[in-house]
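Student: What follows is my_file-v7.txt, made up of compact mmCIF, C-alpha atoms:
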```txt
# COMPACT_ATOMS: atom_id res chain seq x y z
CA ASP A 30 17.78 172.03 -176.13
CA GLY A 31 16.22 168.68 -176.92
CA GLY A 32 18.19 165.56 -176.28
CA ILE A 33 18.70 162.33 -174.40
CA THR A 34 19.90 162.32 -170.81
CA GLN A 35 21.51 159.27 -169.31
CA SER A 36 22.32 159.16 -165.63
CA PRO A 37 24.50 158.60 -163.83
CA LYS A 38 27.61 158.94 -166.02
CA TYR A 39 29.55 156.46 -163.87
CA LEU A 40 28.05 153.69 -161.74
CA PHE A 41 29.73 151.20 -159.45
CA ARG A 42 28.03 148.12 -158.01
CA LYS A 43 28.92 144.97 -156.17
CA GLU A 44 28.36 141.65 -157.88
CA GLY A 45 24.94 140.21 -157.15
CA GLN A 46 23.14 143.55 -156.99
CA ASN A 47 20.59 144.76 -159.51
CA VAL A 48 21.16 148.24 -160.87
CA THR A 49 18.94 150.54 -162.94
CA LEU A 50 20.26 152.93 -165.58
CA SER A 51 18.16 155.96 -166.40
CA CYS A 52 17.36 157.25 -169.89
CA GLU A 53 15.14 160.27 -170.49
CA GLN A 54 14.43 162.03 -173.79
CA ASN A 55 12.57 165.25 -174.56
CA LEU A 56 12.62 164.80 -178.34
CA ASN A 57 9.08 163.38 -178.42
CA HIS A 58 10.43 160.24 -180.10
CA ASP A 59 8.36 157.06 -180.10
CA ALA A 60 11.22 154.60 -180.44
CA MET A 61 13.94 154.06 -177.84
CA TYR A 62 16.87 151.64 -177.71
CA TRP A 63 19.51 150.32 -175.33
CA TYR A 64 22.93 149.29 -176.62
CA ARG A 65 25.91 147.81 -174.86
CA GLN A 66 29.42 148.78 -175.96
CA ASP A 67 32.51 146.71 -175.21
CA PRO A 68 36.02 147.50 -176.47
CA GLY A 69 36.58 146.18 -179.98
CA GLN A 70 33.02 144.88 -180.36
CA GLY A 71 30.98 147.81 -181.56
CA LEU A 72 27.46 148.24 -180.23
CA ARG A 73 25.08 145.40 -179.50
CA LEU A 74 21.33 145.86 -179.10
CA ILE A 75 19.89 144.87 -175.71
CA TYR A 76 16.24 145.97 -175.87
CA TYR A 77 14.13 148.35 -177.89
CA SER A 78 10.71 149.91 -177.62
CA GLN A 79 8.71 151.38 -180.47
CA ILE A 80 5.75 152.54 -178.41
CA VAL A 81 4.75 153.10 -174.79
CA ASN A 82 4.01 149.91 -172.83
CA ASP A 83 5.66 147.72 -175.44
CA PHE A 84 9.25 146.53 -175.89
CA GLN A 85 11.19 143.74 -177.62
CA LYS A 86 14.38 141.85 -176.92
CA GLY A 87 17.43 142.68 -178.96
CA ASP A 88 20.42 140.44 -179.60
CA ILE A 89 21.74 140.25 -176.01
CA ALA A 90 18.71 140.65 -173.72
CA GLU A 91 19.61 137.92 -171.23
CA GLY A 92 20.24 139.35 -167.76
CA TYR A 93 18.55 142.67 -168.55
CA SER A 94 15.04 144.07 -168.16
CA VAL A 95 13.32 147.28 -169.26
CA SER A 96 10.07 149.17 -168.88
CA ARG A 97 8.37 151.81 -170.99
CA GLU A 98 5.64 153.35 -168.89
CA LYS A 99 6.14 156.85 -170.30
CA LYS A 100 7.10 158.01 -173.78
CA GLU A 101 10.09 159.97 -172.52
CA SER A 102 11.58 157.32 -170.24
CA PHE A 103 13.16 153.91 -170.92
CA PRO A 104 15.09 152.64 -167.88
CA LEU A 105 17.33 149.59 -168.12
CA THR A 106 17.85 147.22 -165.20
CA VAL A 107 21.00 145.13 -165.16
CA THR A 108 20.17 142.11 -163.03
CA SER A 109 22.44 139.82 -161.09
CA ALA A 110 21.82 137.22 -163.80
CA GLN A 111 23.92 139.21 -166.29
CA LYS A 112 27.27 137.39 -166.30
CA ASN A 113 29.48 140.23 -167.52
CA PRO A 114 27.72 143.50 -166.69
CA THR A 115 30.76 145.80 -166.73
CA ALA A 116 30.39 147.85 -169.92
CA PHE A 117 29.45 151.20 -171.43
CA TYR A 118 25.68 151.47 -171.93
CA LEU A 119 24.15 153.75 -174.55
CA CYS A 120 20.54 154.79 -174.87
CA ALA A 121 19.17 156.05 -178.19
CA SER A 122 15.91 157.27 -179.64
CA MET A 123 14.43 157.83 -183.05
CA ASP A 124 11.47 159.57 -184.60
CA SER A 125 9.86 156.52 -186.18
CA ALA A 126 7.37 158.70 -188.05
CA LEU A 127 10.18 159.89 -190.34
CA VAL A 128 11.56 157.46 -192.91
CA ASN A 129 15.14 156.57 -191.99
CA SER A 130 15.46 159.31 -189.40
CA PRO A 131 18.75 159.11 -187.53
CA LEU A 132 19.33 157.58 -184.12
CA HIS A 133 20.00 160.14 -181.39
CA PHE A 134 22.30 158.90 -178.65
CA GLY A 135 22.76 159.86 -175.02
CA ASN A 136 26.25 160.27 -173.57
CA GLY A 137 26.22 156.87 -171.96
CA THR A 138 26.61 155.30 -168.53
CA ARG A 139 29.77 153.41 -167.65
CA LEU A 140 28.89 150.57 -165.30
CA THR A 141 31.57 148.80 -163.28
CA VAL A 142 30.64 145.72 -161.28
CA THR A 143 33.18 144.24 -158.87
CA ALA B 15 22.13 137.92 -192.19
CA GLN B 16 23.99 141.11 -192.77
CA SER B 17 27.29 141.95 -191.11
CA VAL B 18 29.80 144.79 -191.06
CA THR B 19 33.58 144.59 -191.06
CA GLN B 20 35.77 147.55 -190.30
CA LEU B 21 39.12 146.52 -191.62
CA ASP B 22 41.32 148.64 -189.35
CA SER B 23 40.96 148.81 -185.59
CA GLN B 24 43.30 151.80 -185.39
CA VAL B 25 44.43 154.38 -187.93
CA PRO B 26 47.21 156.84 -186.98
CA VAL B 27 47.62 159.86 -189.23
CA PHE B 28 49.34 163.24 -189.15
CA GLU B 29 47.36 166.45 -189.06
CA GLU B 30 46.37 167.79 -192.51
CA ALA B 31 46.97 164.41 -194.14
CA PRO B 32 44.15 162.57 -195.95
CA VAL B 33 42.52 159.56 -194.32
CA GLU B 34 40.35 156.64 -195.38
CA LEU B 35 38.52 154.40 -192.91
CA ARG B 36 37.43 151.17 -194.51
CA CYS B 37 34.10 149.42 -194.12
CA ASN B 38 32.81 146.32 -195.88
CA TYR B 39 29.42 144.76 -195.43
CA SER B 40 27.78 141.50 -196.38
CA SER B 41 24.17 141.25 -197.37
CA SER B 42 22.21 139.48 -200.05
CA VAL B 43 19.73 142.32 -200.39
CA SER B 44 19.80 146.09 -200.57
CA VAL B 45 21.08 147.93 -197.52
CA TYR B 46 21.21 151.34 -195.94
CA LEU B 47 24.63 152.39 -194.65
CA PHE B 48 25.76 154.81 -191.97
CA TRP B 49 28.89 156.24 -190.39
CA TYR B 50 28.83 157.45 -186.79
CA VAL B 51 31.54 159.19 -184.74
CA GLN B 52 32.10 158.77 -181.01
CA TYR B 53 34.26 161.14 -178.98
CA PRO B 54 35.66 159.85 -175.66
CA ASN B 55 33.02 159.01 -173.06
CA GLN B 56 30.21 160.28 -175.25
CA GLY B 57 27.40 158.86 -177.34
CA LEU B 58 27.47 158.47 -181.11
CA GLN B 59 26.76 161.22 -183.63
CA LEU B 60 25.64 160.59 -187.19
CA LEU B 61 28.28 161.63 -189.73
CA LEU B 62 26.49 160.60 -192.90
CA LYS B 63 24.16 158.01 -194.39
CA TYR B 64 23.53 156.32 -197.70
CA LEU B 65 19.94 155.37 -198.49
CA SER B 66 19.77 155.53 -202.29
CA GLY B 67 20.74 157.74 -205.22
CA SER B 68 24.22 159.20 -205.61
CA THR B 69 26.89 156.83 -204.38
CA LEU B 70 29.03 159.68 -203.04
CA VAL B 71 27.62 160.95 -199.79
CA LYS B 72 28.80 164.06 -198.01
CA GLY B 73 28.50 164.43 -194.27
CA ILE B 74 29.40 166.76 -191.46
CA ASN B 75 32.89 167.93 -190.53
CA GLY B 76 34.17 167.55 -194.11
CA PHE B 77 33.75 163.77 -194.26
CA GLU B 78 32.41 161.88 -197.25
CA ALA B 79 31.83 158.23 -198.09
CA GLU B 80 31.38 156.28 -201.29
CA PHE B 81 29.00 153.37 -201.65
CA ASN B 82 30.40 150.67 -203.91
CA LYS B 83 27.85 147.95 -204.50
CA SER B 84 30.11 145.64 -206.49
CA GLN B 85 32.75 145.67 -203.76
CA THR B 86 30.18 145.87 -200.93
CA SER B 87 32.11 148.73 -199.41
CA PHE B 88 31.31 152.09 -197.82
CA HIS B 89 34.68 153.69 -197.05
CA LEU B 90 34.86 156.99 -195.18
CA ARG B 91 37.28 159.68 -196.35
CA LYS B 92 38.49 163.12 -195.42
CA PRO B 93 41.05 165.02 -197.54
CA SER B 94 42.69 166.83 -194.60
CA VAL B 95 42.22 165.81 -190.97
CA HIS B 96 42.42 167.94 -187.84
CA ILE B 97 43.45 167.06 -184.31
CA SER B 98 39.78 167.39 -183.37
CA ASP B 99 38.90 164.45 -185.66
CA THR B 100 40.53 162.08 -183.17
CA ALA B 101 37.68 159.76 -182.20
CA GLU B 102 36.21 156.32 -182.80
CA TYR B 103 34.27 155.81 -186.01
CA PHE B 104 31.58 153.19 -186.51
CA CYS B 105 30.13 151.88 -189.73
CA ALA B 106 26.59 150.47 -189.52
CA VAL B 107 24.13 148.73 -191.84
CA THR B 108 20.45 147.96 -191.87
CA LEU B 109 18.18 146.20 -194.33
CA SER B 110 15.27 148.53 -193.76
CA GLY B 111 14.34 151.66 -191.92
CA GLY B 112 13.94 149.70 -188.72
CA TYR B 113 16.79 150.58 -186.43
CA ASN B 114 16.13 147.52 -184.33
CA LYS B 115 18.27 145.77 -186.92
CA LEU B 116 21.04 148.35 -187.20
CA ILE B 117 24.25 146.31 -187.15
CA PHE B 118 27.45 148.10 -186.10
CA GLY B 119 31.03 147.33 -187.00
CA ALA B 120 33.64 146.99 -184.28
CA GLY B 121 34.87 150.55 -184.78
CA THR B 122 38.05 152.24 -186.00
CA ARG B 123 40.00 154.50 -183.70
CA LEU B 124 41.38 157.47 -185.64
CA ALA B 125 44.35 159.12 -183.93
CA VAL B 126 45.46 162.40 -185.48
CA HIS B 127 48.97 163.50 -184.51
CA PRO B 128 50.46 167.01 -184.81
```
Can you dump the structure from the file as structure tokens?
Tutor:
Amino acid sequence: DGGITQSPKYLFRKEGQNVTLSCEQNLNHDAMYWYRQDPGQGLRLIYYSQIVNDFQKGDIAEGYSVSREKKESFPLTVTSAQKNPTAFYLCASMDSALVNSPLHFGNGTRLTVT
Amino acid sequence: AQSVTQLDSQVPVFEEAPVELRCNYSSSVSVYLFWYVQYPNQGLQLLLKYLSGSTLVKGINGFEAEFNKSQTSFHLRKPSVHISDTAEYFCAVTLSGGYNKLIFGAGTRLAVHP
């Protein structure tokens, strides 16, 4: 079945360490997105990419970095510069060739930094 | 800029009772509106969307929503809920088909009790 795979499901890191969250999709979608979810705040856009080798900052990009070297992969690195990295991170993709096609979400990675 | 307000952070309801989850948006131009559902520790699934046309939109799992332009609302309803409907529900809005500008509300936690 086609879908989005995020790994790992749970991730623990010490403060000051960079950590990379994986997102892979086999839906052949051009567009991919990273959201951060905090309790009571909904989802906030970190970065998005509409085509390979290109990406743009979302609303809360500070302290994060991404790459888009392959169509199916969009890893997110949470750097030590991110002040409050503990959160639930969601990756999504969309078929941008279809008008208003829905976002498809992965099952998320819960990152805990202590 | 557009914004989304979900008026209730939590809604408790008994099984087989009707439920309404409220969503208001602010925008000076036309919008597209969405409802997503999130089960514990999972990603989001699209329930329904309003793009144009009929203001009553039917979605999956027996949910429906009504777009009210004069009241800038997009409330989600279900006539009879099941235990399995217990989840978090997010209302979202965008000005265009570009999901880079999909703005989410803070979410409403629906708790269905036997």
Student: Would you tabulate, counting all atoms listed in the file, all residues of chain B that have an atom at most 12 Å from an atom of chain A, showing the closest pair of atoms and their distance in Å to one decimal, sorted by chain then ascending number, as CSV?
Tutor:
```
residue,atom,partner,partner_atom,distance
B:Ser17,CA,A:Gly71,CA,11.8
B:Val18,CA,A:Gly71,CA,10.0
B:Thr19,CA,A:Gly71,CA,10.4
B:Gln20,CA,A:Gly71,CA,10.0
B:Leu21,CA,A:Gly69,CA,11.9
B:Asp22,CA,A:Gly69,CA,10.8
B:Ser23,CA,A:Gly69,CA,7.6
B:Gln24,CA,A:Gly69,CA,10.3
B:Val45,CA,A:Asn129,CA,11.9
B:Tyr46,CA,A:Asn129,CA,8.9
B:Leu47,CA,A:Asn129,CA,10.7
B:Phe48,CA,A:Pro131,CA,9.3
B:Trp49,CA,A:Pro131,CA,10.9
B:Tyr50,CA,A:Leu132,CA,9.9
B:Val51,CA,A:Phe134,CA,11.1
B:Gln52,CA,A:Asn136,CA,9.6
B:Tyr53,CA,A:Asn136,CA,9.7
B:Pro54,CA,A:Asn136,CA,9.6
B:Asn55,CA,A:Asn136,CA,6.9
B:Gln56,CA,A:Asn136,CA,4.3
B:Gly57,CA,A:Asn136,CA,4.2
B:Leu58,CA,A:Phe134,CA,5.7
B:Gln59,CA,A:Phe134,CA,7.1
B:Leu60,CA,A:Pro131,CA,7.1
B:Leu61,CA,A:Pro131,CA,10.1
B:Leu62,CA,A:Pro131,CA,9.5
B:Lys63,CA,A:Pro131,CA,8.8
B:Tyr64,CA,A:Asn129,CA,10.2
B:Leu65,CA,A:Asn129,CA,8.2
B:Ser66,CA,A:Asn129,CA,11.3
B:Glu102,CA,A:Gly71,CA,10.1
B:Tyr103,CA,A:Gly71,CA,9.7
B:Phe104,CA,A:Gly71,CA,7.3
B:Cys105,CA,A:Gly71,CA,9.2
B:Ala106,CA,A:Gly71,CA,9.5
B:Val107,CA,A:Asn129,CA,11.9
B:Thr108,CA,A:Asn129,CA,10.1
B:Leu109,CA,A:Asn129,CA,11.1
B:Ser110,CA,A:Asn129,CA,8.2
B:Gly111,CA,A:Asn129,CA,5.0
B:Gly112,CA,A:Asn129,CA,7.7
B:Tyr113,CA,A:Leu132,CA,7.8
B:Asn114,CA,A:Tyr77,CA,6.8
B:Lys115,CA,A:Leu74,CA,8.4
B:Leu116,CA,A:Leu74,CA,8.5
B:Ile117,CA,A:Arg73,CA,7.7
B:Phe118,CA,A:Gly71,CA,5.8
B:Gly119,CA,A:Gly71,CA,5.5
B:Ala120,CA,A:Gly71,CA,3.9
B:Gly121,CA,A:Gly71,CA,5.7
B:Thr122,CA,A:Gly69,CA,8.7
B:Arg123,CA,A:Gly69,CA,9.7
```
Student: Would you save the residues from that selection as a PDB file, keeping the file's coordinate frame, using C-alpha atoms?
Tutor:
```
ATOM      1  CA  SER B  17      27.290 141.950-191.110  1.00  0.00           C
ATOM      2  CA  VAL B  18      29.800 144.790-191.060  1.00  0.00           C
ATOM      3  CA  THR B  19      33.580 144.590-191.060  1.00  0.00           C
ATOM      4  CA  GLN B  20      35.770 147.550-190.300  1.00  0.00           C
ATOM      5  CA  LEU B  21      39.120 146.520-191.620  1.00  0.00           C
ATOM      6  CA  ASP B  22      41.320 148.640-189.350  1.00  0.00           C
ATOM      7  CA  SER B  23      40.960 148.810-185.590  1.00  0.00           C
ATOM      8  CA  GLN B  24      43.300 151.800-185.390  1.00  0.00           C
ATOM      9  CA  VAL B  45      21.080 147.930-197.520  1.00  0.00           C
ATOM     10  CA  TYR B  46      21.210 151.340-195.940  1.00  0.00           C
ATOM     11  CA  LEU B  47      24.630 152.390-194.650  1.00  0.00           C
ATOM     12  CA  PHE B  48      25.760 154.810-191.970  1.00  0.00           C
ATOM     13  CA  TRP B  49      28.890 156.240-190.390  1.00  0.00           C
ATOM     14  CA  TYR B  50      28.830 157.450-186.790  1.00  0.00           C
ATOM     15  CA  VAL B  51      31.540 159.190-184.740  1.00  0.00           C
ATOM     16  CA  GLN B  52      32.100 158.770-181.010  1.00  0.00           C
ATOM     17  CA  TYR B  53      34.260 161.140-178.980  1.00  0.00           C
ATOM     18  CA  PRO B  54      35.660 159.850-175.660  1.00  0.00           C
ATOM     19  CA  ASN B  55      33.020 159.010-173.060  1.00  0.00           C
ATOM     20  CA  GLN B  56      30.210 160.280-175.250  1.00  0.00           C
ATOM     21  CA  GLY B  57      27.400 158.860-177.340  1.00  0.00           C
ATOM     22  CA  LEU B  58      27.470 158.470-181.110  1.00  0.00           C
ATOM     23  CA  GLN B  59      26.760 161.220-183.630  1.00  0.00           C
ATOM     24  CA  LEU B  60      25.640 160.590-187.190  1.00  0.00           C
ATOM     25  CA  LEU B  61      28.280 161.630-189.730  1.00  0.00           C
ATOM     26  CA  LEU B  62      26.490 160.600-192.900  1.00  0.00           C
ATOM     27  CA  LYS B  63      24.160 158.010-194.390  1.00  0.00           C
ATOM     28  CA  TYR B  64      23.530 156.320-197.700  1.00  0.00           C
ATOM     29  CA  LEU B  65      19.940 155.370-198.490  1.00  0.00           C
ATOM     30  CA  SER B  66      19.770 155.530-202.290  1.00  0.00           C
ATOM     31  CA  GLU B 102      36.210 156.320-182.800  1.00  0.00           C
ATOM     32  CA  TYR B 103      34.270 155.810-186.010  1.00  0.00           C
ATOM     33  CA  PHE B 104      31.580 153.190-186.510  1.00  0.00           C
ATOM     34  CA  CYS B 105      30.130 151.880-189.730  1.00  0.00           C
ATOM     35  CA  ALA B 106      26.590 150.470-189.520  1.00  0.00           C
ATOM     36  CA  VAL B 107      24.130 148.730-191.840  1.00  0.00           C
ATOM     37  CA  THR B 108      20.450 147.960-191.870  1.00  0.00           C
ATOM     38  CA  LEU B 109      18.180 146.200-194.330  1.00  0.00           C
ATOM     39  CA  SER B 110      15.270 148.530-193.760  1.00  0.00           C
ATOM     40  CA  GLY B 111      14.340 151.660-191.920  1.00  0.00           C
ATOM     41  CA  GLY B 112      13.940 149.700-188.720  1.00  0.00           C
ATOM     42  CA  TYR B 113      16.790 150.580-186.430  1.00  0.00           C
ATOM     43  CA  ASN B 114      16.130 147.520-184.330  1.00  0.00           C
ATOM     44  CA  LYS B 115      18.270 145.770-186.920  1.00  0.00           C
ATOM     45  CA  LEU B 116      21.040 148.350-187.200  1.00  0.00           C
ATOM     46  CA  ILE B 117      24.250 146.310-187.150  1.00  0.00           C
ATOM     47  CA  PHE B 118      27.450 148.100-186.100  1.00  0.00           C
ATOM     48  CA  GLY B 119      31.030 147.330-187.000  1.00  0.00           C
ATOM     49  CA  ALA B 120      33.640 146.990-184.280  1.00  0.00           C
ATOM     50  CA  GLY B 121      34.870 150.550-184.780  1.00  0.00           C
ATOM     51  CA  THR B 122      38.050 152.240-186.000  1.00  0.00           C
ATOM     52  CA  ARG B 123      40.000 154.500-183.700  1.00  0.00           C
TER      53      ARG B 123
END
```
Student: What is the distance between atom CA of Arg97 of chain A and atom CA of Pro114 of chain A, in Å to one decimal?
Tutor: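 About the pair atom CA of Arg97 of chain A and atom CA of Pro114 of chain A: they are 21.5 Å apart.
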Student: Which distance in Å separates atom CA of Cys37 of chain B and atom CA of Leu124 of chain B, to one decimal?
Tutor: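 Taking atom CA of Cys37 of chain B as the start and atom CA of Leu124 of chain B as the end point, the length is 13.8 Å.
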Student: Please indicate the distance in Å from atom CA of Thr100 of chain B to atom CA of Ile74 of chain B, rounded to one decimal place.
Tutor: 14.6 Å
Student: Set the distance at 12 Å and use only C-alpha atoms: which residues neighbour Gln46 of chain A once local chain neighbours fewer than 6 positions away are removed? I'd like the list as a VMD selection string.
Tutor: chain A and resid 92 106 to 112 114 141 to 143
Student: Counting only C-alpha atoms, select every polymer residue within 8 Å of (30.7, 154.8, -158.9) as defined in the file's coordinates, and provide the selection as a list of chain:residue names.
Tutor: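 The residues near that point, listed by chain and number, are A:Tyr39, A:Leu40, A:Phe41, A:Arg42, A:Leu140, A:Thr141.
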Student: Please save C-alpha atoms of the selected residues as a short mmCIF file (atom, residue, chain, number, x, y, z; two decimals), keeping the file's coordinate frame.
Tutor:
```cif
data_model
loop_
_atom_site.label_atom_id
_atom_site.label_comp_id
_atom_site.auth_asym_id
_atom_site.auth_seq_id
_atom_site.Cartn_x
_atom_site.Cartn_y
_atom_site.Cartn_z
CA TYR A 39 29.55 156.46 -163.87
CA LEU A 40 28.05 153.69 -161.74
CA PHE A 41 29.73 151.20 -159.45
CA ARG A 42 28.03 148.12 -158.01
CA LEU A 140 28.89 150.57 -165.30
CA THR A 141 31.57 148.80 -163.28
#
```
Student: Using all atoms listed in the file, which residues sit within 9 Å of Thr86 of chain B once same-chain residues fewer than 3 positions away are excluded, as a PDB file with C-alpha atoms, in the frame of the given file?
Tutor:
```pdb
ATOM      1  CA  CYS B  37      34.100 149.420-194.120  1.00  0.00           C
ATOM      2  CA  ASN B  38      32.810 146.320-195.880  1.00  0.00           C
ATOM      3  CA  TYR B  39      29.420 144.760-195.430  1.00  0.00           C
ATOM      4  CA  SER B  40      27.780 141.500-196.380  1.00  0.00           C
ATOM      5  CA  SER B  41      24.170 141.250-197.370  1.00  0.00           C
ATOM      6  CA  PHE B  81      29.000 153.370-201.650  1.00  0.00           C
ATOM      7  CA  ASN B  82      30.400 150.670-203.910  1.00  0.00           C
ATOM      8  CA  LYS B  83      27.850 147.950-204.500  1.00  0.00           C
TER       9      LYS B  83
END
```
Student: Using all atoms listed in the file, which protein or nucleic acid residues come within 8 Å of Leu70 of chain B? Drop anything in the same chain fewer than 3 positions from it, and give the result as a ChimeraX atom specification.
Tutor: /B:78-81
Student: Would you mind listing what lies within 9 Å of Ser94 of chain B as a ChimeraX atom specification, with all atoms listed in the file counted and same-chain residues fewer than 5 positions away left out?
Tutor: /B:29-33,76
Student: Can you give me N, CA, C and O atoms for segment 58-72 of chain B, written as an mmCIF file, in the coordinates of the input?
Tutor:
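Okay, out18.cif is ready:
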```cif
data_model
loop_
_atom_site.group_PDB
_atom_site.id
_atom_site.type_symbol
_atom_site.label_atom_id
_atom_site.label_comp_id
_atom_site.auth_asym_id
_atom_site.auth_seq_id
_atom_site.Cartn_x
_atom_site.Cartn_y
_atom_site.Cartn_z
ATOM 1 N N LEU B 58 27.120 158.444 -179.690
ATOM 2 C CA LEU B 58 27.470 158.470 -181.110
ATOM 3 C C LEU B 58 26.715 159.587 -181.821
ATOM 4 O O LEU B 58 25.548 159.865 -181.508
ATOM 5 N N GLN B 59 27.384 160.203 -182.792
ATOM 6 C CA GLN B 59 26.760 161.220 -183.630
ATOM 7 C C GLN B 59 26.779 160.734 -185.070
ATOM 8 O O GLN B 59 27.780 160.166 -185.512
ATOM 9 N N LEU B 60 25.703 160.991 -185.788
ATOM 10 C CA LEU B 60 25.640 160.590 -187.190
ATOM 11 C C LEU B 60 26.536 161.494 -188.028
ATOM 12 O O LEU B 60 26.408 162.717 -187.983
ATOM 13 N N LEU B 61 27.436 160.878 -188.798
ATOM 14 C CA LEU B 61 28.280 161.630 -189.730
ATOM 15 C C LEU B 61 27.619 161.754 -191.092
ATOM 16 O O LEU B 61 27.586 162.830 -191.688
ATOM 17 N N LEU B 62 27.130 160.623 -191.586
ATOM 18 C CA LEU B 62 26.490 160.600 -192.900
ATOM 19 C C LEU B 62 25.765 159.275 -193.079
ATOM 20 O O LEU B 62 25.979 158.336 -192.312
ATOM 21 N N LYS B 63 24.908 159.236 -194.111
ATOM 22 C CA LYS B 63 24.160 158.010 -194.390
ATOM 23 C C LYS B 63 23.937 157.875 -195.888
ATOM 24 O O LYS B 63 23.846 158.871 -196.612
ATOM 25 N N TYR B 64 23.891 156.624 -196.334
ATOM 26 C CA TYR B 64 23.530 156.320 -197.700
ATOM 27 C C TYR B 64 22.227 155.518 -197.684
ATOM 28 O O TYR B 64 22.149 154.454 -197.073
ATOM 29 N N LEU B 65 21.213 156.071 -198.381
ATOM 30 C CA LEU B 65 19.940 155.370 -198.490
ATOM 31 C C LEU B 65 19.688 154.920 -199.919
ATOM 32 O O LEU B 65 19.258 153.798 -200.174
ATOM 33 N N SER B 66 19.936 155.827 -200.870
ATOM 34 C CA SER B 66 19.770 155.530 -202.290
ATOM 35 C C SER B 66 20.335 156.720 -203.056
ATOM 36 O O SER B 66 20.788 157.706 -202.482
ATOM 37 N N GLY B 67 20.321 156.620 -204.404
ATOM 38 C CA GLY B 67 20.740 157.740 -205.220
ATOM 39 C C GLY B 67 22.244 157.810 -205.403
ATOM 40 O O GLY B 67 22.911 156.777 -205.551
ATOM 41 N N SER B 68 22.797 159.001 -205.380
ATOM 42 C CA SER B 68 24.220 159.200 -205.610
ATOM 43 C C SER B 68 25.059 158.368 -204.659
ATOM 44 O O SER B 68 24.805 158.327 -203.447
ATOM 45 N N THR B 69 26.075 157.718 -205.215
ATOM 46 C CA THR B 69 26.890 156.830 -204.380
ATOM 47 C C THR B 69 27.905 157.585 -203.538
ATOM 48 O O THR B 69 28.495 157.011 -202.626
ATOM 49 N N LEU B 70 28.120 158.855 -203.845
ATOM 50 C CA LEU B 70 29.030 159.680 -203.040
ATOM 51 C C LEU B 70 28.186 160.507 -202.075
ATOM 52 O O LEU B 70 27.373 161.324 -202.488
ATOM 53 N N VAL B 71 28.414 160.289 -200.810
ATOM 54 C CA VAL B 71 27.620 160.950 -199.790
ATOM 55 C C VAL B 71 28.501 161.893 -198.976
ATOM 56 O O VAL B 71 29.571 161.489 -198.520
ATOM 57 N N LYS B 72 28.036 163.099 -198.809
ATOM 58 C CA LYS B 72 28.800 164.060 -198.010
ATOM 59 C C LYS B 72 28.158 164.207 -196.639
ATOM 60 O O LYS B 72 26.925 164.203 -196.511
#
```
